[in-house]
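Worksheet: the structure to be examined is printed underneath.
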Amino acid sequence: MRIEVHGQPVYCYTNSREIDASKPSIVFIHGSGMDHIVWTLAARHFARHGNNVISVDLPGHGRSEGMPLSTVEEMANWIVGVLDTLKIDQAALVGHSLGSLISLECAASHSPRVRAIALVGTTTPMPVSDAILNAAESNDHAAFDMLTQWGFSKRHQFGGNRNSGIWMIGNTLRLYEQSGPDVLFHDMRACNEYTAGTEQAAKISCPTLLILGAEDRLTPVRSTRALQEAISSPIVEVLPEAGHTIMVEAPNAMLDALHRVL
Amino acid sequence: MTAPDYPGLDTLALHAGAQPDPATGARATPIYQTASFCFPDSDYAASLFNIERAGHVYSRLSNPTNAVLEERIAALEGGVGAIATASGQAALHLAIITLMGAGSHIVASAALYGGSHNLLAYTLPRFGIETTFVDPRDPQAFANAIQDNTRLVFGETLGNPSLDVLNIPAIAEVAHAAGLPLMVDSTTTTPYLIKPFELGADIIQHSATKFLSGHGIVIGGLLVDSGQFDWEASGKFPTLSEPYAGFHNLIFTEEFGPSAMIQRARKEGLRDFGACMAPTSAFHILQGIETLSVRMARHVENTRAITAFLLEQEQVTRVGYPELDGHPDQALAAELLPNGCGAVFSFDLAGGRAAGIAFVDALSVFSHLANIGDAKSLVIHPASTTHHRMDAAALAAGGIGEGTIRLSIGLEDPKDLKADLKQGLRAAGKAAGGGR
């Protein structure tokens with residue numbers, strides 16, 4: 001579905017359905033350098049289960065026009081803009097990595113609009129190494145390589161995809177390669193500079209689910225302690241053998257976990 | 001800090017796609033010889049049918065053993081995904097029917113495996129898909145043959161029977177300029193010798209029966225998608241970029257992005273045409289791939305030894321191997337195939353058809369049969385077998401002489417192969433009246 005948000009034409013996947021005001025809504029928010037495709041299985045699932053699904057392409061990503069936004073706060077405001085455009089009063093937000101920070105910020109700053117959040121492959125703060133930032137800033141392919149390799153658990157470096165026939169490393173790398181120039185850098189910098197996460201997490205009042213990969217090397221489980229302590233009664237699911245790319249590495253376990261708040 | 005290296009080809013050949021079996025801990029990939037898979041509950045079943053979960057429904061569509069093979073070849077080729085098919089021919093057919101329908105057109109190299117040529121030249125026209133065959137050495141000929149309804153450009157990495165080296169970068173440029181994908185058959189080269197995606201190809205087809213499995217014990221094919229071709233930008237592939245009524249108006253490019261082509265091939269082509277691979281076949285091919293590098297290096301080493309030997313024989317009037325002086329693609333081969341040009345080649349014997357037949361009949365280490373890519377060395381005399389319906393003029397047009405012999409060099413001790421060939425040459429000499 002093509003819509004206009006803050007005067008900018010953008011795209012969101014809705015499983016080819018119109019928004020139905022009588023149904024609950026779920027907004028899926030991708031991570032750095034990615035687009036709505038990472039949520040295809042989950043979005044199809046929750047659409048069949050009677051939800052409006054809105055899997056966004058952030059500005060400058062995927063099929064959305066415009067420049068990438070610079071900060072997590074701007075991105076959270078943009079998500080509210082999506083809800084406004086679609087005339088959705090309240091939605092659950094599911095975000096991966098950068099998308100999880102956007103969801104968290106949205107739930108803290110725009111709480112009446114958010115009924116639940118699921119933070120997948122998350123932590124806060126989410127510092128990004130200079131190596132990745134520098135490579136992303138120079139549009140060096142090494143940034144894609146680092147994120148792809150460190151984004152998967154060690155066991156999944158050799159694949160083992162339950163989704164038949166898809167080489168998970170190659171498919172993820174190709175998604176990064178198809179992002180536009182500077183897009184990854186904008187996203188990585190936004191992650192790196194979002195330092196208010198823990199403070200904002202304390203303001204969250206809606207049901208909050210953390211889905212973590214036990215072998216996540218980019219946002220390790222141990223780094224989420226402050227976040228877990230800041231949120232009031234979080235639900236935490238740690239998925240064994242998954243790294244950071246949880247939608248690909250543990251698609252079924254993630255789906256089952258999402259049902260705890262969706 | 002620098003990016004860690006991806007696993008190398010040899011490591012991927014052993015490990016890609018595989019994990020110790022979650023049910024038993026078995027280290028080897030088990031053969032899941034089952035037609036169907038149980039659903040824990042009805043909603044789980046519905047979610048599998050509706051592409052919401054990863055898993056298996058029915059082995060025509062997917063199977064855990066096949067999935068390991070599919071992921072492994074995709075990893076080795078550097079693609080996004082793959083499908084294992086009943087044969088190499090089934091893989092070629094699957095690609096074509098995924099990308100086009102009646103009224104479409106293909107531009108293909110004229111130097112193709114006979115089975116592929118038959119499909120394109122005689123069978124597909126009955127279903128409304130025409131092919132123009134062009135000189136594989138002339139990228140401009142590919143460009144000139146492209147029509148408004150062309151949907152695919154196709155060639156073999158090493159053409160049959162003259163081992164024409166496909167100039168993949170140049171032909172990919174031609175195809176892409178016309179908004180078309182380039183598919184290559186890399187059966188004789190395998191990812192050990194060439195990585196077509198790195199050179200610009202978009203789709204790869206393998207007959208896994210040959211060097212990938214490597215032991216002449218199984219029939220199978222593989223179709224691999226690079227994920228690099230922009231189907232939407234091309235505007236010529238509605239099967240991928242427009243709603244598909246056969247799956248609730250799913251738009252494959254919208255929902256699967258880089259893997260749109262291989263997803264559609266599975267969701268439609270494998271489902272409806274049904275040319276799936278048997279799990280036991282996938283297991284055999286996986287065992288072969290584990291030793292791909294070791295075998296291919298030895299295949300090439302032996303081939304170099306045998307071509308050098310044949311060049312010294314006065315009864316041999318031509319040896320067609322791209323690394324040799326006089327082959328028209330020697331420079332291109334050095335650039336694209338630095339690790340060797342495979343282990344299948346042909347040579348010409350003086351004495352014509354009688355010499356060719358006598359040569360083949362006299363061999364004992366080489367097996368006389370219609371296949372290539374076995375660990376055992378193979379021989380065939382095309383004029384009396386695969387091309388026996390052709391007269392001398394037709395053979396010549398196809399680059400085949402009455403005394404042409406095709407060899408597929410195996411892994412035996414090269415001294416034994418040379419001794420066997422000497423025996424054949426003596427018989428050929430007698431048949432040709434040389435009395436040697």
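Just remember, in the structure tokens the first chain shown is A, the second B, etc., residues are 1-based per chain, and ligands are 1-based in the order shown.
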- Message: Can you pull out the residues contacting range 104-110 of chain A? Cut-off 7 Å, using only C-alpha atoms, and skip same-chain residues under 5 positions away; I want them as a list in words.
- Response: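 Close residues of range 104-110 of chain A: Glu73, Ala76, Gln200, Ala201, Lys203 and Ile204 of chain A.
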Just to be explicit: take each residue in the selection above, keep C-alpha atoms, and write the result as a compact mmCIF listing (two decimals), in the first residue's frame.
```txt
# COMPACT_ATOMS: atom_id res chain seq x y z
CA GLU A 73 12.96 10.10 17.89
CA ALA A 76 9.11 7.28 16.22
CA GLN A 200 12.51 6.10 28.09
CA ALA A 201 11.95 2.44 28.88
CA LYS A 203 8.06 5.38 31.04
CA ILE A 204 6.54 2.47 29.18
```
- Select residues of chain A: the criterion is any atom within 9 Å of an atom of chain B, counting only C-alpha atoms; output as number ranges by chain. A: 13, 15-16, 36-46, 48, 129-132, 142-143, 145-147, 149-150, 155-175, 178, 250-252, 255
- Task: Could you give me, as JSON, numbers by chain, each residue of range 14-243 of chain A that DSSP assigns to helix (DSSP H, G or I) when run on this structure's backbone?
- Result: {"A": [36, 37, 38, 39, 40, 41, 42, 43, 44, 45, 46, 47, 48, 72, 73, 74, 75, 76, 77, 78, 79, 80, 81, 82, 83, 84, 85, 98, 99, 100, 101, 102, 103, 104, 105, 106, 107, 108, 109, 111, 112, 113, 130, 131, 132, 133, 134, 135, 136, 137, 141, 142, 143, 144, 145, 146, 147, 148, 149, 150, 151, 154, 155, 156, 157, 158, 168, 169, 170, 171, 172, 173, 174, 175, 176, 177, 183, 184, 185, 186, 187, 188, 189, 190, 191, 192, 193, 197, 198, 199, 200, 201, 221, 222, 223, 224, 225, 226, 227, 228, 229, 230]}
Need the shell around range 405-408 of chain B: protein/DNA/RNA residues with any atom at most 10 Å away, counting only C-alpha atoms. Skip same-chain ones fewer than 2 positions apart. Format as a short mmCIF file (atom, residue, chain, number, x, y, z; two decimals) with C-alpha atoms, in the first residue's frame?
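File produced: selection_31.cif:
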```cif
data_model
loop_
_atom_site.label_atom_id
_atom_site.label_comp_id
_atom_site.auth_asym_id
_atom_site.auth_seq_id
_atom_site.Cartn_x
_atom_site.Cartn_y
_atom_site.Cartn_z
CA PRO B 161 30.85 -30.05 -27.86
CA SER B 162 33.64 -27.55 -28.61
CA THR B 188 30.65 -29.04 -16.38
CA HIS B 299 39.74 -34.20 -12.69
CA THR B 303 42.61 -33.91 -18.00
CA ILE B 306 45.60 -36.67 -21.01
CA VAL B 319 42.41 -31.78 -29.20
CA GLY B 320 39.72 -29.33 -28.20
CA GLY B 342 36.75 -29.04 -16.61
CA ALA B 343 37.29 -32.65 -17.54
CA VAL B 344 35.12 -33.12 -20.61
CA PHE B 345 36.60 -32.51 -24.02
CA SER B 346 36.70 -33.95 -27.50
CA PHE B 347 39.44 -34.83 -29.93
CA ASP B 348 39.53 -35.93 -33.54
CA LEU B 349 40.97 -39.19 -34.77
CA ARG B 353 33.92 -43.18 -38.32
CA ALA B 355 38.52 -45.44 -36.50
CA GLY B 356 36.26 -43.82 -33.93
CA ILE B 357 34.21 -46.95 -33.43
CA PHE B 359 38.90 -46.81 -30.70
CA VAL B 360 35.93 -46.84 -28.37
CA PHE B 366 37.23 -45.92 -20.03
CA SER B 367 33.54 -46.83 -19.86
CA HIS B 368 31.58 -46.47 -23.07
CA ALA B 370 26.33 -41.54 -22.41
CA ASN B 371 27.21 -39.49 -19.37
CA ILE B 372 29.90 -37.16 -18.10
CA GLY B 373 31.25 -36.14 -14.74
CA ASP B 374 31.75 -39.57 -13.20
CA ALA B 375 34.72 -40.45 -10.99
CA LYS B 376 35.37 -43.10 -13.63
CA SER B 377 36.62 -42.07 -17.04
CA LEU B 378 34.03 -42.18 -19.80
CA VAL B 379 34.12 -42.22 -23.57
CA ILE B 380 31.64 -41.88 -26.38
CA HIS B 381 31.85 -41.66 -30.15
CA PRO B 382 29.17 -39.07 -31.01
CA ALA B 383 28.89 -39.94 -34.71
CA ILE B 400 31.67 -32.85 -34.75
CA GLY B 401 33.70 -34.99 -37.10
CA GLU B 402 33.17 -38.64 -37.98
CA GLY B 403 36.27 -39.41 -35.97
CA GLY B 410 37.92 -39.45 -14.23
#
```
Residues within 8 Å of range 282-293 of chain B, please, as a short mmCIF file (atom, residue, chain, number, x, y, z; two decimals) with N, CA and C atoms, in the first residue's frame. Count only C-alpha atoms; anything in the same chain fewer than 2 positions from it doesn't count.
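File result37.cif, as written:
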```cif
data_model
loop_
_atom_site.label_atom_id
_atom_site.label_comp_id
_atom_site.auth_asym_id
_atom_site.auth_seq_id
_atom_site.Cartn_x
_atom_site.Cartn_y
_atom_site.Cartn_z
N ASP B 10 35.61 -24.89 0.30
CA ASP B 10 35.74 -26.25 0.80
C ASP B 10 34.94 -26.46 2.08
N ALA B 13 31.27 -26.54 1.23
CA ALA B 13 30.92 -27.80 0.57
C ALA B 13 30.64 -28.90 1.58
N LEU B 14 31.23 -28.79 2.74
CA LEU B 14 31.03 -29.80 3.79
C LEU B 14 29.91 -29.44 4.77
N THR B 29 23.77 -35.76 7.15
CA THR B 29 22.39 -35.33 6.88
C THR B 29 21.51 -36.55 6.67
N PRO B 30 20.50 -36.75 7.49
CA PRO B 30 19.65 -37.93 7.33
C PRO B 30 18.81 -37.87 6.05
N ILE B 31 18.44 -39.03 5.56
CA ILE B 31 17.50 -39.11 4.44
C ILE B 31 16.10 -39.12 5.02
N THR B 65 15.95 -33.13 3.72
CA THR B 65 17.21 -33.54 3.09
C THR B 65 17.49 -32.66 1.87
N ASN B 66 16.46 -32.47 1.07
CA ASN B 66 16.62 -31.62 -0.10
C ASN B 66 16.99 -30.19 0.30
N LEU B 69 20.64 -29.69 0.69
CA LEU B 69 21.31 -29.60 -0.62
C LEU B 69 21.05 -28.24 -1.27
N ALA B 84 16.07 -28.09 -5.62
CA ALA B 84 16.54 -29.36 -6.16
C ALA B 84 15.43 -29.96 -7.01
N TYR B 192 33.46 -24.88 -8.23
CA TYR B 192 34.90 -24.98 -8.01
C TYR B 192 35.68 -24.26 -9.12
N ALA B 208 23.06 -32.02 -11.52
CA ALA B 208 23.85 -32.51 -10.38
C ALA B 208 24.26 -33.96 -10.57
N THR B 209 23.72 -34.56 -11.60
CA THR B 209 24.09 -35.93 -11.97
C THR B 209 25.58 -36.04 -12.26
N PHE B 211 29.32 -33.67 -12.19
CA PHE B 211 30.45 -33.50 -11.26
C PHE B 211 30.03 -33.20 -9.82
N LEU B 212 28.87 -32.58 -9.62
CA LEU B 212 28.47 -32.27 -8.24
C LEU B 212 28.28 -33.55 -7.44
N SER B 213 27.55 -34.50 -7.98
CA SER B 213 27.43 -35.78 -7.26
C SER B 213 28.69 -36.61 -7.51
N GLY B 214 29.13 -36.63 -8.74
CA GLY B 214 30.47 -37.08 -9.04
C GLY B 214 30.72 -38.56 -9.19
N HIS B 215 29.70 -39.39 -9.01
CA HIS B 215 29.97 -40.83 -9.04
C HIS B 215 29.02 -41.59 -9.95
N ILE B 217 25.82 -42.04 -9.95
CA ILE B 217 24.87 -42.93 -9.27
C ILE B 217 23.49 -42.31 -9.10
N VAL B 218 23.29 -41.12 -9.60
CA VAL B 218 22.05 -40.42 -9.26
C VAL B 218 21.69 -39.44 -10.37
N GLY B 220 19.77 -35.82 -10.95
CA GLY B 220 19.24 -34.69 -10.20
C GLY B 220 19.64 -33.38 -10.84
N MET B 277 13.03 -33.57 -6.53
CA MET B 277 14.11 -34.55 -6.34
C MET B 277 13.72 -35.51 -5.21
N ALA B 278 14.09 -36.77 -5.36
CA ALA B 278 13.89 -37.73 -4.28
C ALA B 278 14.89 -37.44 -3.16
N PRO B 279 14.49 -37.54 -1.89
CA PRO B 279 15.41 -37.25 -0.79
C PRO B 279 16.68 -38.11 -0.83
N THR B 280 16.55 -39.34 -1.25
CA THR B 280 17.74 -40.20 -1.33
C THR B 280 18.72 -39.66 -2.38
N ARG B 295 37.94 -33.59 -5.82
CA ARG B 295 37.71 -34.32 -7.08
C ARG B 295 37.95 -33.43 -8.29
N MET B 296 37.44 -32.20 -8.26
CA MET B 296 37.58 -31.34 -9.43
C MET B 296 39.05 -31.02 -9.72
N ALA B 297 39.82 -30.82 -8.65
CA ALA B 297 41.25 -30.55 -8.86
C ALA B 297 41.90 -31.74 -9.55
#
```
- Task: Find the residues near Ala91 in chain A: any atom within 12 Å, counting only C-alpha atoms, skip ones fewer than 6 places away on the same chain, and give them as an NGL selection string.
- Result: :A and (21 or 23-28 or 51-54 or 79-80 or 82-84 or 103 or 106-107 or 110-118 or 206 or 261-262)
May I have the residues from that selection written out with C-alpha atoms, as a PDB file, in the first residue's frame?
```
ATOM      1  CA  ALA A  21     -11.062   0.051  11.697  1.00  0.00           C
ATOM      2  CA  LYS A  23      -9.614  -4.898  13.693  1.00  0.00           C
ATOM      3  CA  PRO A  24      -6.592  -4.531  15.975  1.00  0.00           C
ATOM      4  CA  SER A  25      -3.521  -3.191  14.214  1.00  0.00           C
ATOM      5  CA  ILE A  26       0.097  -4.277  14.313  1.00  0.00           C
ATOM      6  CA  VAL A  27       2.934  -2.205  12.894  1.00  0.00           C
ATOM      7  CA  PHE A  28       6.127  -4.066  12.004  1.00  0.00           C
ATOM      8  CA  ASN A  51      -5.245  -8.075  12.474  1.00  0.00           C
ATOM      9  CA  ASN A  52      -4.449  -5.119  10.302  1.00  0.00           C
ATOM     10  CA  VAL A  53      -0.759  -5.593   9.541  1.00  0.00           C
ATOM     11  CA  ILE A  54       1.306  -2.622   8.499  1.00  0.00           C
ATOM     12  CA  ILE A  79       5.488   5.895  12.898  1.00  0.00           C
ATOM     13  CA  VAL A  80       2.853   8.039  14.575  1.00  0.00           C
ATOM     14  CA  VAL A  82       1.777   6.347   9.636  1.00  0.00           C
ATOM     15  CA  LEU A  83      -0.925   5.704  12.240  1.00  0.00           C
ATOM     16  CA  ASP A  84      -2.415   9.144  11.582  1.00  0.00           C
ATOM     17  CA  SER A 103       9.059   0.945  19.041  1.00  0.00           C
ATOM     18  CA  CYS A 106       7.142   5.394  20.418  1.00  0.00           C
ATOM     19  CA  ALA A 107       5.708   3.565  23.416  1.00  0.00           C
ATOM     20  CA  HIS A 110       3.351   8.449  22.350  1.00  0.00           C
ATOM     21  CA  SER A 111       1.902   6.011  24.859  1.00  0.00           C
ATOM     22  CA  PRO A 112      -1.792   6.534  24.004  1.00  0.00           C
ATOM     23  CA  ARG A 113      -1.071   5.300  20.469  1.00  0.00           C
ATOM     24  CA  VAL A 114       0.682   2.087  21.505  1.00  0.00           C
ATOM     25  CA  ARG A 115      -1.087  -0.885  23.070  1.00  0.00           C
ATOM     26  CA  ALA A 116       1.876  -3.280  23.218  1.00  0.00           C
ATOM     27  CA  ILE A 117       5.431  -3.550  21.969  1.00  0.00           C
ATOM     28  CA  ALA A 118       7.598  -6.480  20.982  1.00  0.00           C
ATOM     29  CA  CYS A 206       1.998  -1.091  27.875  1.00  0.00           C
ATOM     30  CA  VAL A 261       1.521  -9.758  23.511  1.00  0.00           C
ATOM     31  CA  LEU A 262      -0.270  -9.726  20.157  1.00  0.00           C
TER      32      LEU A 262
END
```
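Nearest to Asp182 in chain A of all the residues A:Leu218, A:Ala196, A:Met1, A:Ala135 is A:Ala135, based on only C-alpha atoms.
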- Message: For Gly213 in chain A, find every residue with an atom within 12 Å (counting only C-alpha atoms), except residues of its own chain fewer than 5 positions away, and show them as JSON, numbers by chain.
- Response: {"A": [96, 97, 119, 120, 121, 122, 123, 151, 152, 153, 154, 218, 219, 220, 221, 222, 223, 224, 236, 237, 238, 239, 240, 241, 242, 243, 244, 245, 246, 247, 248, 249, 250, 251, 253, 254]}
- Query: CA of Pro68 in chain A and CA of Glu232 in chain B are how many Å apart?
  - Reply: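 Spanning CA of Pro68 in chain A to CA of Glu232 in chain B is a straight-line distance of 22.4 Å.
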- Task: Excluding His6 in chain A and residues on its chain fewer than 5 positions from it, collect all residues at most 9 Å away from it, counting only C-alpha atoms, and give them as a PyMOL selection string.
- Result: chain A and resi 78+81-82+85
- In Å, rounded to a single decimal, give me how far CA of His117 in chain B is from CA of Pro322 in chain B.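 It comes out at 22.3 Å.
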